[in-house]
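Enquirer: Pasting data.cif below, which is mmCIF, C-alpha atoms.
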data_model
#
loop_
_atom_site.label_atom_id
_atom_site.label_comp_id
_atom_site.auth_asym_id
_atom_site.auth_seq_id
_atom_site.Cartn_x
_atom_site.Cartn_y
_atom_site.Cartn_z
CA MET G 614 -18.01 -62.66 54.08
CA ILE G 615 -20.03 -61.14 51.24
CA ALA G 616 -23.67 -60.67 52.19
CA ILE G 617 -26.18 -60.25 49.41
CA PRO G 618 -29.58 -58.58 49.85
CA THR G 619 -32.57 -60.72 48.93
CA ALA G 620 -36.25 -60.27 48.15
CA LEU G 621 -38.69 -63.17 48.18
CA ILE G 622 -41.85 -63.67 46.13
CA THR G 623 -44.11 -66.09 47.96
CA VAL G 624 -47.66 -67.37 47.60
CA GLU G 625 -47.53 -69.05 50.99
CA PRO G 626 -47.11 -66.07 53.31
CA VAL G 627 -47.86 -67.88 56.55
CA VAL G 628 -45.21 -70.49 55.83
CA SER G 629 -42.75 -67.87 54.64
CA GLU G 630 -43.24 -65.72 57.73
CA GLN G 631 -42.04 -68.61 59.86
CA ALA G 632 -38.67 -68.29 58.13
CA ARG G 633 -38.64 -64.53 58.81
CA PRO G 634 -37.41 -63.40 55.41
CA PRO G 635 -35.63 -60.05 55.23
CA ARG G 636 -37.93 -58.86 52.44
CA ALA G 637 -40.94 -60.67 51.04
CA LEU G 638 -43.87 -59.93 48.76
CA CYS G 639 -47.02 -62.01 48.50
CA PRO G 640 -49.06 -61.36 45.35
CA GLU G 641 -52.49 -62.09 46.77
CA GLY G 642 -54.72 -64.49 44.91
CA PHE G 643 -52.00 -66.42 43.16
CA THR G 644 -51.09 -69.97 44.11
CA ALA G 645 -48.11 -72.26 43.72
CA GLY G 646 -47.38 -72.73 40.05
CA HIS G 647 -47.96 -69.12 39.06
CA SER G 648 -46.51 -67.01 41.83
CA LEU G 649 -45.64 -64.31 39.28
CA GLY G 650 -49.02 -64.26 37.68
CA ARG G 651 -50.64 -65.56 34.56
CA PRO G 652 -48.70 -67.28 31.75
CA ASN G 653 -47.32 -64.87 29.16
CA ASP G 654 -48.71 -61.84 30.98
CA VAL G 655 -45.52 -59.86 30.52
CA ALA G 656 -46.73 -56.63 32.09
CA LEU G 657 -48.06 -58.34 35.21
CA GLN G 658 -44.96 -60.46 35.70
CA GLN G 659 -42.71 -57.43 35.28
CA ARG G 660 -44.82 -55.46 37.74
CA ILE G 661 -44.58 -58.18 40.39
CA ILE G 662 -40.80 -58.42 39.91
CA MET G 663 -40.36 -54.67 40.19
CA ASP G 664 -42.59 -54.53 43.28
CA ALA G 665 -40.53 -57.30 44.90
CA LEU G 666 -37.25 -55.62 43.97
CA GLY G 667 -38.74 -52.35 45.16
CA LEU G 668 -38.63 -53.77 48.67
CA LEU G 669 -34.85 -53.38 48.41
CA LEU G 670 -35.42 -49.62 48.40
CA ALA G 671 -38.35 -49.51 50.83
CA PRO G 672 -38.17 -48.85 54.57
CA PRO G 673 -36.96 -52.09 56.18
CA ALA G 674 -39.61 -54.47 57.46
CA PRO G 675 -37.56 -57.59 58.14
CA GLY G 676 -39.55 -60.70 58.92
CA GLN G 677 -42.76 -59.37 57.38
CA VAL G 678 -44.44 -60.58 54.22
CA ILE G 679 -45.98 -57.67 52.34
CA ARG G 680 -49.34 -58.72 50.90
CA ARG G 681 -50.37 -56.85 47.78
CA SER G 682 -53.17 -57.26 45.28
CA PHE G 683 -52.34 -57.26 41.58
CA ALA G 684 -55.91 -57.59 40.42
CA MET F 1363 -15.81 -82.09 56.04
CA ALA F 1364 -13.31 -79.56 57.37
CA ASP F 1365 -13.72 -76.93 54.68
CA LYS F 1366 -17.47 -77.10 54.48
CA PRO F 1367 -18.89 -73.60 54.53
CA VAL F 1368 -21.24 -72.86 57.38
CA ILE F 1369 -24.53 -71.03 57.28
CA GLU F 1370 -25.08 -69.14 60.48
CA ILE F 1371 -28.79 -68.80 61.09
CA SER F 1372 -29.77 -66.72 64.06
CA ARG F 1373 -32.77 -67.94 66.01
CA TYR F 1374 -33.42 -64.43 67.24
CA CYS F 1375 -32.59 -62.00 64.44
CA VAL F 1376 -33.60 -61.61 60.81
CA PRO F 1377 -30.41 -61.60 58.69
CA PHE F 1378 -31.11 -58.33 56.91
CA THR F 1379 -28.55 -57.10 54.38
CA PRO F 1380 -29.05 -53.48 53.34
CA PHE F 1381 -29.21 -52.62 49.65
CA GLY F 1382 -27.18 -49.52 48.96
CA GLY F 1383 -27.40 -49.12 45.22
CA GLN F 1384 -29.92 -48.40 42.53
CA LEU F 1385 -32.05 -51.00 40.82
CA GLU F 1386 -31.12 -49.49 37.47
CA ALA F 1387 -27.52 -50.53 38.14
CA ALA F 1388 -28.14 -53.78 39.99
CA SER F 1389 -27.38 -57.26 38.71
CA ILE F 1390 -30.16 -59.64 39.75
CA CYS F 1391 -29.80 -63.37 40.37
CA LEU F 1392 -32.74 -65.77 40.58
CA VAL F 1393 -32.73 -68.48 43.22
CA SER F 1394 -35.77 -70.75 43.21
CA THR F 1395 -37.26 -73.80 44.87
CA ALA F 1396 -39.46 -74.50 41.85
CA GLY F 1397 -37.47 -77.43 40.44
CA VAL F 1398 -36.21 -75.52 37.39
CA TYR F 1399 -33.38 -76.91 35.28
CA HIS F 1400 -31.86 -76.28 31.86
CA LYS F 1401 -32.90 -78.81 29.26
CA SER F 1402 -29.25 -79.85 28.81
CA ASP F 1403 -29.02 -80.88 32.48
CA PRO F 1404 -30.55 -83.89 34.24
CA PRO F 1405 -33.95 -83.31 35.86
CA PHE F 1406 -34.52 -83.42 39.60
CA ASP F 1407 -35.88 -86.54 41.23
CA VAL F 1408 -39.44 -85.41 41.91
CA ASN F 1409 -39.71 -87.71 44.92
CA GLY F 1410 -36.88 -85.93 46.71
CA ASP F 1411 -33.64 -84.36 45.57
CA LEU F 1412 -30.96 -82.52 47.51
CA SER F 1413 -28.98 -81.27 44.53
CA PHE F 1414 -29.23 -77.90 42.84
CA ARG F 1415 -29.01 -76.79 39.25
CA VAL F 1416 -27.15 -73.88 37.72
CA ILE F 1417 -29.01 -72.01 34.99
CA PRO F 1418 -27.07 -69.72 32.64
CA GLY F 1419 -28.08 -66.09 32.86
CA THR F 1420 -28.34 -66.02 29.07
CA ALA F 1421 -30.88 -68.86 28.95
CA HIS F 1422 -34.40 -68.29 27.71
CA ALA F 1423 -37.44 -69.68 29.47
CA SER F 1424 -38.08 -71.91 26.46
CA GLU F 1425 -34.83 -73.74 27.28
CA LEU F 1426 -35.90 -74.47 30.85
CA ARG F 1427 -37.86 -77.35 32.27
CA ILE F 1428 -39.60 -78.12 35.56
CA ALA F 1429 -39.13 -81.36 37.47
CA ASP F 1430 -41.69 -81.30 40.24
CA ALA F 1431 -44.83 -83.16 41.23
CA HIS F 1432 -46.04 -80.99 44.10
CA TYR F 1433 -47.72 -78.01 42.49
CA ASP F 1434 -50.01 -77.44 39.54
CA HIS F 1435 -48.04 -77.18 36.31
CA GLY F 1436 -50.90 -75.82 34.24
CA CYS F 1437 -49.26 -72.40 34.06
CA VAL F 1438 -45.55 -73.25 34.01
CA ASP F 1439 -46.04 -75.71 31.17
CA ARG F 1440 -47.09 -72.69 29.12
CA ASP F 1441 -44.64 -70.19 30.58
CA VAL F 1442 -41.80 -70.96 32.99
CA ASN F 1443 -41.66 -67.25 33.78
CA CYS F 1444 -44.68 -67.85 36.02
CA VAL F 1445 -42.28 -69.16 38.66
CA PHE F 1446 -38.83 -68.37 37.25
CA PRO F 1447 -39.01 -65.02 35.45
CA ILE F 1448 -35.77 -65.20 33.52
CA ASP F 1449 -37.16 -63.63 30.33
CA ARG F 1450 -38.73 -60.83 32.33
CA LEU F 1451 -35.37 -59.96 33.91
CA THR F 1452 -33.78 -59.79 30.47
CA GLU F 1453 -36.55 -57.46 29.28
CA LEU F 1454 -36.22 -55.27 32.37
CA THR F 1455 -32.48 -55.06 31.68
CA HIS F 1456 -33.11 -53.91 28.12
CA GLU F 1457 -35.55 -51.34 29.45
CA HIS F 1458 -32.87 -50.13 31.94
CA ARG F 1459 -35.16 -50.77 34.88
CA ILE F 1460 -32.58 -53.12 36.39
CA GLY F 1461 -28.86 -53.11 35.77
CA GLY F 1462 -28.51 -56.62 34.46
CA VAL F 1463 -29.00 -60.33 34.84
CA ALA F 1464 -26.50 -62.38 36.82
CA ASP F 1465 -24.26 -64.77 34.91
CA ARG F 1466 -25.90 -67.69 36.67
CA HIS F 1467 -29.18 -68.48 38.37
CA PHE F 1468 -29.99 -71.40 40.65
CA SER F 1469 -32.80 -73.78 41.53
CA ILE F 1470 -33.37 -76.60 43.93
CA GLY F 1471 -36.09 -79.20 43.68
CA PHE F 1472 -38.51 -80.84 46.06
CA THR F 1473 -37.28 -82.38 49.29
CA GLN F 1474 -38.65 -83.11 52.71
CA ALA F 1475 -35.15 -83.58 54.13
CA ILE F 1476 -35.02 -79.97 55.27
CA ARG F 1477 -32.24 -80.36 57.81
CA GLN F 1478 -30.05 -82.16 55.29
CA LEU F 1479 -30.85 -79.49 52.72
CA ARG F 1480 -29.82 -76.76 55.15
CA ASP F 1481 -26.70 -78.50 56.41
CA ASP F 1482 -25.38 -80.21 53.29
CA THR F 1483 -26.76 -78.46 50.19
CA LEU F 1484 -27.40 -74.83 51.01
CA PRO F 1485 -23.86 -73.98 52.17
CA TYR F 1486 -22.57 -74.93 48.73
CA LEU F 1487 -25.41 -73.19 46.97
CA VAL F 1488 -24.73 -70.03 48.95
CA GLU F 1489 -21.07 -70.14 47.96
CA GLU F 1490 -22.05 -70.49 44.31
CA VAL F 1491 -24.39 -67.51 44.59
CA ARG F 1492 -21.69 -65.49 46.32
CA SER F 1493 -19.16 -66.30 43.62
CA THR F 1494 -21.66 -65.06 41.02
CA ARG F 1495 -21.56 -61.70 42.85
CA PRO F 1496 -25.02 -60.36 42.08
CA ASP F 1497 -26.11 -57.09 43.66
CA ALA F 1498 -29.34 -58.72 44.81
CA VAL F 1499 -31.09 -62.07 44.75
CA LEU F 1500 -34.75 -62.57 43.83
CA LEU F 1501 -36.10 -65.68 45.53
CA THR F 1502 -39.05 -67.53 44.07
CA GLY F 1503 -40.98 -70.64 45.05
CA GLY F 1504 -43.23 -72.80 42.96
#
Could you write out this structure as structure tokens?

Expert:
Amino acid sequence: MIAIPTALITVEPVVSEQARPPRALCPEGFTAGHSLGRPNDVALQQRIIMDALGLLLAPPAPGQVIRRSFA
Amino acid sequence: MADKPVIEISRYCVPFTPFGGQLEAASICLVSTAGVYHKSDPPFDVNGDLSFRVIPGTAHASELRIADAHYDHGCVDRDVNCVFPIDRLTELTHEHRIGGVADRHFSIGFTQAIRQLRDDTLPYLVEEVRSTRPDAVLLTGG
């Protein structure tokens, strides 16, 4: 079986924690409908993606949702 | 169905798959629950839908649509990248910050039939993701 590493971007951390994701990032302050930030804010959206993908390289914290401010 | 793939979900352990490579060389696949579909495909039933859609890795956000009635669309109507950052992945590839974009991405829509989703839909979706062979999957919600 091929297993593929994943990273989750969630704006509902409490719900997501119930599923115990292997890697998860919650950009604080955003809600459903713009979990990657404001429309057409390229820099912010790229930063959130790279932070989420950065969890692939970070010390493992399986089951935790990392909350981070992007203000 | 005899050949139906099975998802083994441990009740006790987090299924953690290590990532052994570099982001600069990694192909990234998007898998979303945001109800995203390509404009050439049929939309999801916003009242409940257990199917999934395949989105070409070469697609632009302007070619994508959202079929959902359960979160505010004020932002995604202006920029689908707010929930499905396909253009951002292409840019990050060009900037050599990731290795590439997977040939295919995937989205499911809204459903409250969670058990049916897990048992009947997700095994097939997982097989499709596996056959795409990305180095990592970025999961997004609405």

Enquirer: Could you state which residues are captured by the PyMOL selection byres ((chain G) within 8 of (chain F)) in this file, as a PyMOL selection string?

Expert: chain G and resi 615-624+633-635+645-653+655+658-659+665-666+669-670+675-676

Enquirer: The PyMOL selection byres ((chain F and resi 1409-1423) around 7) - which residues does that actually catch in the file I just gave you? List them as a list in words.

Expert: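 Output from the PyMOL selection byres ((chain F and resi 1409-1423) around 7), applied to this file: Tyr1399, His1400, Phe1406, Asp1407, Val1408, Ser1424, Glu1425, Leu1426, Val1442, Asn1443, Ile1448, Asp1449, Val1463, Ala1464, Asp1465, Arg1466, His1467, Phe1468, Ser1469, Ile1470, Gly1471, Phe1472, Thr1473, Gln1474, Leu1479 and Thr1483 of chain F.
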
Enquirer: Quick one, how far is CA of Gly1462 in chain F from CA of Leu1487 in chain F?

Expert: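 Result for CA of Gly1462 in chain F versus CA of Leu1487 in chain F: 21.0 Å, one decimal.
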
Enquirer: Could you jot down the CA of Val627 in chain G to CA of Ala674 in chain G separation for me, Å, one decimal place?

Expert: 15.8 Å

Enquirer: Would you compute the distance between CA of Thr1494 in chain F and CA of Thr1452 in chain F? Give it in Å to one decimal.

Expert: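 CA of Thr1494 in chain F sits 16.9 Å away from CA of Thr1452 in chain F.
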
Enquirer: Step by step, gather every atom of range 667-671 of chain G that the file lists, find the box along x, y and z that holds them, add 6 Å on each side, and finally give centre and edge lengths in Å to one decimal, as JSON.

Expert:
{"center_x": -36.8, "center_y": -51.6, "center_z": 48.0, "size_x": 15.9, "size_y": 16.3, "size_z": 17.7}

Enquirer: Quick one: residues within 7 Å of (-51.3, -67.3, 48.1) (file frame), counting only C-alpha atoms, please, as a list in words.

Expert: Val624, Glu625, Pro626, Cys639, Pro640, Glu641, Gly642, Phe643 and Thr644 of chain G
